[in-house]
Every structure is written in structure tokens, then in C-alpha cells.
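Student: My structure is stored as coords39.cif, with mmCIF, C-alpha atoms.
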```cif
data_final
loop_
_atom_site.group_PDB
_atom_site.id
_atom_site.type_symbol
_atom_site.label_atom_id
_atom_site.label_comp_id
_atom_site.auth_asym_id
_atom_site.auth_seq_id
_atom_site.Cartn_x
_atom_site.Cartn_y
_atom_site.Cartn_z
ATOM 1 C CA MET A 1272 7.369 34.149 -5.645
ATOM 2 C CA GLU A 1273 9.849 36.258 -7.566
ATOM 3 C CA LEU A 1274 11.887 35.253 -10.604
ATOM 4 C CA ILE A 1275 14.981 34.580 -8.468
ATOM 5 C CA GLU A 1276 13.010 32.270 -6.158
ATOM 6 C CA TYR A 1277 11.431 30.530 -9.136
ATOM 7 C CA ASN A 1278 14.844 29.897 -10.715
ATOM 8 C CA ALA A 1279 16.163 28.633 -7.375
ATOM 9 C CA SER A 1280 13.212 26.206 -7.201
ATOM 10 C CA VAL A 1281 13.999 24.937 -10.693
ATOM 11 C CA LYS A 1282 17.635 24.319 -9.772
ATOM 12 C CA GLN A 1283 16.787 22.765 -6.419
ATOM 13 C CA TRP A 1284 13.869 20.498 -7.338
ATOM 14 C CA ALA A 1285 14.166 19.620 -11.041
ATOM 15 C CA ASP A 1286 16.211 16.445 -10.534
ATOM 16 C CA ALA A 1287 14.098 15.092 -7.674
ATOM 17 C CA LEU A 1288 10.915 15.905 -9.565
ATOM 18 C CA PHE A 1289 12.235 14.136 -12.670
ATOM 19 C CA ARG A 1290 13.163 11.011 -10.650
ATOM 20 C CA PHE A 1291 9.703 10.993 -9.090
ATOM 21 C CA ALA A 1292 7.990 11.475 -12.459
ATOM 22 C CA CYS A 1293 10.136 8.739 -14.043
ATOM 23 C CA LYS A 1294 9.128 6.289 -11.361
ATOM 24 C CA CYS A 1295 5.466 7.281 -11.648
ATOM 25 C CA THR A 1296 5.227 7.245 -15.436
ATOM 26 C CA GLY A 1297 7.835 4.595 -16.195
ATOM 27 C CA ASN A 1298 8.940 6.601 -19.198
ATOM 28 C CA PRO A 1299 11.629 9.323 -19.288
ATOM 29 C CA GLU A 1300 9.901 11.217 -22.104
ATOM 30 C CA ASP A 1301 6.608 11.334 -20.219
ATOM 31 C CA ALA A 1302 8.522 12.303 -17.086
ATOM 32 C CA ARG A 1303 10.142 15.235 -18.886
ATOM 33 C CA ASP A 1304 6.699 16.395 -19.983
ATOM 34 C CA VAL A 1305 5.406 16.113 -16.416
ATOM 35 C CA VAL A 1306 8.366 18.112 -15.044
ATOM 36 C CA GLN A 1307 8.022 20.761 -17.728
ATOM 37 C CA SER A 1308 4.311 21.105 -17.087
ATOM 38 C CA SER A 1309 4.850 21.212 -13.333
ATOM 39 C CA PHE A 1310 7.250 24.116 -13.608
ATOM 40 C CA GLU A 1311 4.923 25.809 -16.066
ATOM 41 C CA VAL A 1312 2.062 25.577 -13.570
ATOM 42 C CA LEU A 1313 4.359 26.896 -10.822
ATOM 43 C CA TRP A 1314 5.229 29.859 -13.038
ATOM 44 C CA GLN A 1315 1.561 30.554 -13.707
ATOM 45 C CA LYS A 1316 0.718 30.332 -9.986
ATOM 46 C CA ARG A 1317 3.922 32.013 -8.743
ATOM 47 C CA LYS A 1318 2.013 34.856 -7.086
ATOM 48 C CA ASN A 1319 0.078 32.384 -4.933
ATOM 49 C CA VAL A 1320 2.956 30.015 -4.069
ATOM 50 C CA THR A 1321 5.695 30.942 -1.623
ATOM 51 C CA ALA A 1322 9.251 29.671 -2.057
ATOM 52 C CA GLU A 1323 8.822 27.506 1.064
ATOM 53 C CA LYS A 1324 5.798 25.754 -0.481
ATOM 54 C CA ALA A 1325 7.303 25.323 -3.962
ATOM 55 C CA LYS A 1326 8.526 21.748 -3.394
ATOM 56 C CA ALA A 1327 5.171 20.479 -2.154
ATOM 57 C CA PHE A 1328 3.365 22.372 -4.904
ATOM 58 C CA LEU A 1329 5.606 20.920 -7.627
ATOM 59 C CA PHE A 1330 5.238 17.358 -6.369
ATOM 60 C CA GLN A 1331 1.480 17.802 -6.068
ATOM 61 C CA VAL A 1332 1.244 18.967 -9.678
ATOM 62 C CA ALA A 1333 3.569 16.166 -10.861
ATOM 63 C CA TYR A 1334 1.545 13.596 -8.922
ATOM 64 C CA ARG A 1335 -1.712 14.734 -10.493
ATOM 65 C CA GLN A 1336 -0.235 14.885 -13.977
ATOM 66 C CA SER A 1337 1.215 11.388 -13.574
ATOM 67 C CA ILE A 1338 -2.230 10.120 -12.582
ATOM 68 C CA ASP A 1339 -3.752 11.860 -15.614
ATOM 69 C CA ASN A 1340 -1.051 10.389 -17.841
ATOM 70 C CA TYR A 1341 -1.754 6.915 -16.445
ATOM 71 C CA ARG A 1342 -5.476 7.313 -17.099
ATOM 72 C CA LYS A 1343 -4.861 8.409 -20.678
ATOM 73 C CA GLN A 1344 -2.625 5.429 -21.321
ATOM 74 C CA SER A 1345 -5.037 2.991 -19.702
ATOM 75 C CA ARG A 1346 -7.713 4.068 -22.193
ATOM 76 C CA VAL A 1347 -5.637 2.492 -24.927
ATOM 77 C CA THR A 1348 -7.122 -0.956 -25.397
ATOM 78 C CA TYR A 1349 -4.090 -2.754 -26.721
ATOM 79 C CA LYS A 1350 -0.992 -3.845 -24.905
ATOM 80 C CA GLU A 1351 2.056 -5.133 -26.638
ATOM 81 C CA GLN A 1352 4.591 -7.229 -24.882
ATOM 82 C CA SER A 1353 8.053 -6.281 -25.951
ATOM 83 C CA GLU A 1354 9.981 -9.034 -27.656
ATOM 84 C CA THR A 1355 13.034 -7.920 -25.752
ATOM 85 C CA GLU A 1356 11.315 -8.111 -22.370
ATOM 86 C CA GLU A 1357 13.256 -10.531 -20.280
ATOM 87 C CA THR A 1358 11.583 -13.183 -18.206
ATOM 88 C CA TYR A 1359 12.744 -14.242 -14.793
ATOM 89 C CA ARG A 1360 15.613 -16.681 -14.773
ATOM 90 C CA PRO A 1361 16.436 -18.640 -11.620
ATOM 91 C CA GLY A 1362 19.692 -17.485 -10.141
ATOM 92 C CA HIS A 1363 19.509 -14.117 -11.908
ATOM 93 C CA THR A 1364 19.366 -11.466 -9.221
ATOM 94 C CA ASP A 1365 18.952 -8.089 -10.819
ATOM 95 C CA LEU A 1366 17.546 -6.221 -7.834
ATOM 96 C CA LYS A 1367 16.575 -3.071 -9.718
ATOM 97 C CA ARG A 1368 14.572 -4.987 -12.322
ATOM 98 C CA VAL A 1369 12.752 -6.984 -9.646
ATOM 99 C CA LEU A 1370 11.965 -3.862 -7.629
ATOM 100 C CA ASP A 1371 10.765 -2.001 -10.714
ATOM 101 C CA ARG A 1372 8.582 -4.941 -11.650
ATOM 102 C CA ALA A 1373 7.170 -4.999 -8.117
ATOM 103 C CA LEU A 1374 6.432 -1.256 -8.205
ATOM 104 C CA ASN A 1375 4.719 -1.642 -11.567
ATOM 105 C CA ARG A 1376 2.259 -4.086 -10.013
ATOM 106 C CA LEU A 1377 0.851 -1.244 -7.930
ATOM 107 C CA ASP A 1378 -1.823 1.080 -9.202
ATOM 108 C CA GLU A 1379 -0.716 4.629 -9.928
ATOM 109 C CA GLN A 1380 -1.844 6.054 -6.588
ATOM 110 C CA GLN A 1381 -0.150 3.339 -4.542
ATOM 111 C CA LYS A 1382 3.024 3.690 -6.573
ATOM 112 C CA ALA A 1383 3.088 7.457 -6.065
ATOM 113 C CA LEU A 1384 2.520 7.096 -2.316
ATOM 114 C CA VAL A 1385 5.358 4.582 -1.954
ATOM 115 C CA LEU A 1386 7.664 6.798 -3.978
ATOM 116 C CA LEU A 1387 6.762 9.930 -2.028
ATOM 117 C CA LYS A 1388 7.246 8.243 1.356
ATOM 118 C CA ASP A 1389 10.075 5.780 0.817
ATOM 119 C CA TYR A 1390 11.972 7.344 -2.079
ATOM 120 C CA GLU A 1391 11.516 11.082 -1.515
ATOM 121 C CA GLY A 1392 11.153 10.941 2.274
ATOM 122 C CA TYR A 1393 7.973 12.974 2.714
ATOM 123 C CA SER A 1394 6.037 12.769 5.986
ATOM 124 C CA TYR A 1395 2.484 11.419 6.039
ATOM 125 C CA GLU A 1396 1.188 14.965 6.492
ATOM 126 C CA GLU A 1397 3.142 16.250 3.483
ATOM 127 C CA ILE A 1398 1.943 13.346 1.347
ATOM 128 C CA GLY A 1399 -1.611 14.144 2.413
ATOM 129 C CA GLN A 1400 -1.158 17.726 1.260
ATOM 130 C CA ILE A 1401 0.336 16.639 -2.060
ATOM 131 C CA THR A 1402 -2.276 14.009 -2.833
ATOM 132 C CA GLY A 1403 -5.323 15.541 -1.196
ATOM 133 C CA LEU A 1404 -5.753 12.488 1.028
ATOM 134 C CA SER A 1405 -6.129 12.491 4.798
ATOM 135 C CA VAL A 1406 -3.201 11.266 6.888
ATOM 136 C CA THR A 1407 -5.230 8.163 7.784
ATOM 137 C CA GLN A 1408 -5.899 7.418 4.117
ATOM 138 C CA VAL A 1409 -2.212 7.859 3.298
ATOM 139 C CA LYS A 1410 -1.267 5.366 6.033
ATOM 140 C CA VAL A 1411 -3.896 2.830 4.958
ATOM 141 C CA TYR A 1412 -3.054 3.058 1.244
ATOM 142 C CA LEU A 1413 0.678 2.846 1.979
ATOM 143 C CA HIS A 1414 0.104 -0.206 4.158
ATOM 144 C CA ARG A 1415 -1.832 -1.915 1.370
ATOM 145 C CA ALA A 1416 0.800 -0.984 -1.212
ATOM 146 C CA ARG A 1417 3.628 -2.299 0.953
ATOM 147 C CA LYS A 1418 1.683 -5.501 1.584
ATOM 148 C CA THR A 1419 1.321 -5.997 -2.176
ATOM 149 C CA LEU A 1420 5.034 -5.321 -2.667
ATOM 150 C CA LYS A 1421 5.953 -7.737 0.109
ATOM 151 C CA GLU A 1422 3.771 -10.509 -1.314
ATOM 152 C CA TYR A 1423 5.348 -10.060 -4.723
ATOM 153 C CA LEU A 1424 8.929 -9.784 -3.489
ATOM 154 C CA VAL A 1425 8.831 -12.787 -1.146
ATOM 155 C CA SER A 1426 7.134 -15.144 -3.578
ATOM 156 C CA VAL A 1427 9.378 -18.056 -4.528
ATOM 157 C CA GLU A 1428 9.875 -16.984 -8.150
ATOM 158 C CA HIS A 1429 11.023 -13.503 -7.127
ATOM 159 C CA VAL A 1430 13.244 -14.292 -4.166
ATOM 160 C CA ILE A 1431 16.482 -12.455 -4.590
#
```
Just dump the structure as C-alpha cells.

Tutor:
Amino acid sequence: MELIEYNASVKQWADALFRFACKCTGNPEDARDVVQSSFEVLWQKRKNVTAEKAKAFLFQVAYRQSIDNYRKQSRVTYKEQSETEETYRPGHTDLKRVLDRALNRLDEQQKALVLLKDYEGYSYEEIGQITGLSVTQVKVYLHRARKTLKEYLVSVEHVI
């Protein structure tokens, strides 16, 4: 990959990669770090990555870094509940908040798979390449994740 192709990859994939990282990490600052690191790794590996494979490579790196970020944060033993965190109010139908809350119930791998398939539109084969899972594993894990989402979203207290 040449400098021109690298720059084209940055322009073409930076926004999508940031959206994916934001959804995976739940934090824009962490997402920026993931995107920055992903492009840094692409630059370091530019001789081994073709322009056609840049998107999959970037999402694979971002996926792995999001998982690492999640593991680091889960080592922290305390959790604070924000005083400003809103609780569910009957009749209040903020779809985005409910969907985000539902996604946050998934573990990091399930969340990433749902985002890659349903948000970014990757095929099962592409997701397998990004995550290192077989196509069968991708399908099974996605099915389980969607089942968890469905159970959460159709429960009486979360009906929209």
C-alpha cells in the first residue's frame, strides 16, 4: 500500500471506523484512541495490506482493540452509577436510549458482531475474517446476541 492509498483509506473509512469504535467502547474518547491506533497499525503493516483489504484490516484491528479496552476496564473493581443516569419512565419512548441500553447488555464480542453485521453490513464471511471466528460461530453468536436483544426489547418495561 502506497501513501496515496493509505490516505484514501483514511478518508474513506475513518468515519465508519469511529462509529463502530464508539458503539463498541461506548466512549468517544476511547473510540478516537481505537481509530488512531488502527490507522497506526495499518501504516506499520502497509507493505502487507493491499488497498482492497484495508477496510477489513482496519475493522479487525479496531475490533481487537475494543475487546482489549473492554478487558482493561473490566479489571477495575468499582462501578459508579451516574447520578444523572435516567431510569425508565412509562410512556417515555426514547428509542436510541433503549437500543443503546439493550446493546450494552451484550458482552463485547456479541456487541461487536451485531454492529458489524447489522450496523456496518458485513457478510458472515467478512465478519469471520475480522474476528477470527468461523462462519458457523459468527452465525451462532449473532443468533444468541439477537435473542438477548429481543428478550430485553420486548420485555414489558422496555416496550416502546

Student: Take the point (-1.4, 9.9, -12.3) as written in the file and pick out every residue within 12 Å of it, counting all atoms listed in the file; give the list as a ChimeraX atom specification.

Tutor: /A:1291-1297,1301-1302,1305,1330-1345,1378-1384,1402

Student: So which residues get picked by the PyMOL selection byres ((chain A and resi 1272) around 8) here, written as JSON, numbers by chain?

Tutor: {"A": [1273, 1274, 1276, 1277, 1317, 1318, 1319, 1320, 1321, 1322]}

Student: Can you spell out as a tab-separated table (two decimals) with C-alpha atoms, keeping the file's coordinate frame the set of residues that the PyMOL selection byres ((chain A and resi 1395) around 10) selects in the structure I just provided?

Tutor:
```
chain	number	residue	atom	x	y	z
A	1384	LEU	CA	2.52	7.10	-2.32
A	1387	LEU	CA	6.76	9.93	-2.03
A	1388	LYS	CA	7.25	8.24	1.36
A	1392	GLY	CA	11.15	10.94	2.27
A	1393	TYR	CA	7.97	12.97	2.71
A	1394	SER	CA	6.04	12.77	5.99
A	1396	GLU	CA	1.19	14.96	6.49
A	1397	GLU	CA	3.14	16.25	3.48
A	1398	ILE	CA	1.94	13.35	1.35
A	1399	GLY	CA	-1.61	14.14	2.41
A	1400	GLN	CA	-1.16	17.73	1.26
A	1401	ILE	CA	0.34	16.64	-2.06
A	1404	LEU	CA	-5.75	12.49	1.03
A	1405	SER	CA	-6.13	12.49	4.80
A	1406	VAL	CA	-3.20	11.27	6.89
A	1407	THR	CA	-5.23	8.16	7.78
A	1408	GLN	CA	-5.90	7.42	4.12
A	1409	VAL	CA	-2.21	7.86	3.30
A	1410	LYS	CA	-1.27	5.37	6.03
A	1413	LEU	CA	0.68	2.85	1.98
```

Student: Give the answer as one residue: which of A:Asp1371, A:Glu1323, A:Asp1304, A:Glu1391 has the shortest atom-to-atom distance to A:Ala1279, using only C-alpha atoms?

Tutor: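 Of A:Asp1371, A:Glu1323, A:Asp1304, A:Glu1391, the one nearest A:Ala1279, counting only C-alpha atoms, is A:Glu1323.
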
Student: To one decimal place in Å, what is the distance between atom CA of A:Val1306 and atom CA of A:Leu1288?

Tutor: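 Between atom CA of A:Val1306 and atom CA of A:Leu1288 the gap works out to 6.4 Å.
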
Student: What is the distance between atom CA of A:Ala1373 and atom CA of A:Thr1419, in Å to one decimal?

Tutor: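 Going from atom CA of A:Ala1373 over to atom CA of A:Thr1419, I get 8.4 Å.
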
Student: Just to confirm, what's the straight-line distance from atom CA of A:Ala1327 to atom CA of A:Tyr1412 in Å (one decimal)?

Tutor: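 Atom-to-atom, atom CA of A:Ala1327 and atom CA of A:Tyr1412 are spaced 19.6 Å apart.
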
Student: Using all atoms of stretch 1380-1385 of chain A listed in the file and a margin of 6 Å per side, can you give the axis-aligned box centre and edge lengths in Å to one decimal, as AutoDock Vina command-line options?

Tutor:
```
--center_x 1.8 --center_y 5.4 --center_z -4.3 --size_x 19.2 --size_y 16.1 --size_z 16.6
```

Student: Could you give me, as a PDB file with C-alpha atoms, keeping the file's coordinate frame, the residues within 10 Å of A:Leu1420, counting all atoms listed in the file and dropping anything in the same chain fewer than 2 positions from it?

Tutor:
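Output (result-v3.pdb):
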```pdb
ATOM      1  CA  LEU A1370      11.965  -3.862  -7.629  1.00  0.00           C
ATOM      2  CA  ARG A1372       8.582  -4.941 -11.650  1.00  0.00           C
ATOM      3  CA  ALA A1373       7.170  -4.999  -8.117  1.00  0.00           C
ATOM      4  CA  LEU A1374       6.432  -1.256  -8.205  1.00  0.00           C
ATOM      5  CA  ASN A1375       4.719  -1.642 -11.567  1.00  0.00           C
ATOM      6  CA  ARG A1376       2.259  -4.086 -10.013  1.00  0.00           C
ATOM      7  CA  LEU A1377       0.851  -1.244  -7.930  1.00  0.00           C
ATOM      8  CA  VAL A1385       5.358   4.582  -1.954  1.00  0.00           C
ATOM      9  CA  HIS A1414       0.104  -0.206   4.158  1.00  0.00           C
ATOM     10  CA  ARG A1415      -1.832  -1.915   1.370  1.00  0.00           C
ATOM     11  CA  ALA A1416       0.800  -0.984  -1.212  1.00  0.00           C
ATOM     12  CA  ARG A1417       3.628  -2.299   0.953  1.00  0.00           C
ATOM     13  CA  LYS A1418       1.683  -5.501   1.584  1.00  0.00           C
ATOM     14  CA  GLU A1422       3.771 -10.509  -1.314  1.00  0.00           C
ATOM     15  CA  TYR A1423       5.348 -10.060  -4.723  1.00  0.00           C
ATOM     16  CA  LEU A1424       8.929  -9.784  -3.489  1.00  0.00           C
ATOM     17  CA  VAL A1425       8.831 -12.787  -1.146  1.00  0.00           C
TER      18      VAL A1425
END
```
